[in-house]
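Here the structure comes first, spelled out in structure tokens, and everything after it is commentary.
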Amino acid sequence: MRRNLFLYLTLACFFGLIAIFVVDGYLGVYDTLYVTSGEYEQKIEPDFWLRQDYSWSTGVNWGEKVFLQYEVANHQFSGYSADIEASVWRGQEKVSDLGTQSVSIDPFAKAEAEWLVDTAELLPNPPEQSYQYSIIIKRGEIERKIIVSINPISYPPKPEIVPPR
Amino acid sequence: MKIEYILFGFGILLCLAGIGYLAAEYVKYLSEAGKLVSLLLTVGMFGFLGKYFEELGW
């Protein structure tokens, strides 16, 4: 009887451990970023930023727009509020502010913030080479970085006009 | 016969190493409170398992 009790307690501790892994992994504030450039939508899952302090890279043709959708999921028993700020940088210099949005999220709810980056505004003239810009999204102390390569448009070569003789 | 036991032992060691590695990977992403509770549960689990084997007469 006493022997079985120890076995049950061992099993209870084991299942408790599994439960901690599942519940602790679920609880918290998680952000998912959707980057749409051209016809492609890329989904950047929260675990991408957890693994390492990476930056996400994407490319867009000059003249097109990059649409950013930032989703914050509050998996906590209390509410969550934050200011989400997005800006475009080149090198160490801020090029433009995309705007700041305040979000207040109820427990176990989601909120979204959206921004649009117009490449023609960043580079008014069509570039002859590729340019890279960083889009930095700040939520409190958390920073997400997306590197956008603006590619020149490659038109087919125009046929030469031969002057009439 | 002996070689079989050596292979069993090797297999069990590999299993334990794999479980240990996975647990270490999981623990990295746990909160501080989660780590503490996990540690207590692990200590409890091995403690009760030890008592169970003790009762068995090992």
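The way I read the labels, and the way they are meant: chains A, B, ... in the order of the structure tokens, residue 1 as the first residue of every chain, and ligand 1 as the first ligand shown, with later ones counted on from there.
Neighbouring residues of range 19-29 of chain B at 9 Å or closer, counting only C-alpha atoms and skipping chain neighbours under 3 positions away, are Phe21, Asp24, Gly25 and Leu50 of chain A; Leu14, Cys15, Leu16, Gly34, Lys35 and Ser38 of chain B.
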For the interface of chain A with chain B (cut-off 9 Å, counting only C-alpha atoms), please tabulate each contacting residue of chain A alongside its nearest pair of atoms and their separation in Å to one decimal, rows sorted by chain and increasing number, as a tab-separated table.
residue	atom	partner	partner_atom	distance
A:Arg2	CA	B:Glu55	CA	8.1
A:Arg3	CA	B:Tyr52	CA	5.5
A:Asn4	CA	B:Tyr52	CA	7.4
A:Leu5	CA	B:Tyr52	CA	8.3
A:Phe6	CA	B:Phe48	CA	5.2
A:Leu7	CA	B:Tyr52	CA	6.0
A:Tyr8	CA	B:Phe48	CA	8.7
A:Leu9	CA	B:Phe48	CA	6.4
A:Thr10	CA	B:Met45	CA	4.6
A:Leu11	CA	B:Met45	CA	7.4
A:Ala12	CA	B:Met45	CA	8.0
A:Cys13	CA	B:Met45	CA	5.2
A:Phe14	CA	B:Met45	CA	6.4
A:Gly16	CA	B:Leu41	CA	7.0
A:Leu17	CA	B:Ser38	CA	5.7
A:Ile18	CA	B:Ser38	CA	9.0
A:Ile20	CA	B:Gly34	CA	6.5
A:Phe21	CA	B:Tyr26	CA	7.3
A:Asp24	CA	B:Leu30	CA	6.2
A:Gly25	CA	B:Leu30	CA	6.7
A:Leu50	CA	B:Tyr29	CA	8.0
- Quick one: everything within 6 Å of Ala86 in chain A, counting only C-alpha atoms, minus sequence neighbours fewer than 4 positions away in the same chain. Send it as a count of residues only. 4
- Query: Which residue gives the smallest distance to Ser55 in chain A among A:Ser149, A:Ser81, A:Ser87, A:Ser134, with only C-alpha atoms counted?
  - Reply: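 Answer, going by the shortest atom-to-atom distance: A:Ser134.
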- Message: Could you tell me how far CA of Leu33 in chain A sits from CA of Pro124 in chain A, in Å to one decimal place?
- Response: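 Spanning CA of Pro124 in chain A to CA of Leu33 in chain A is a straight-line distance of 26.9 Å.
CA of Phe77 in chain A to CA of Ala109 in chain A spans 10.2 Å [interatomic distance, one decimal].
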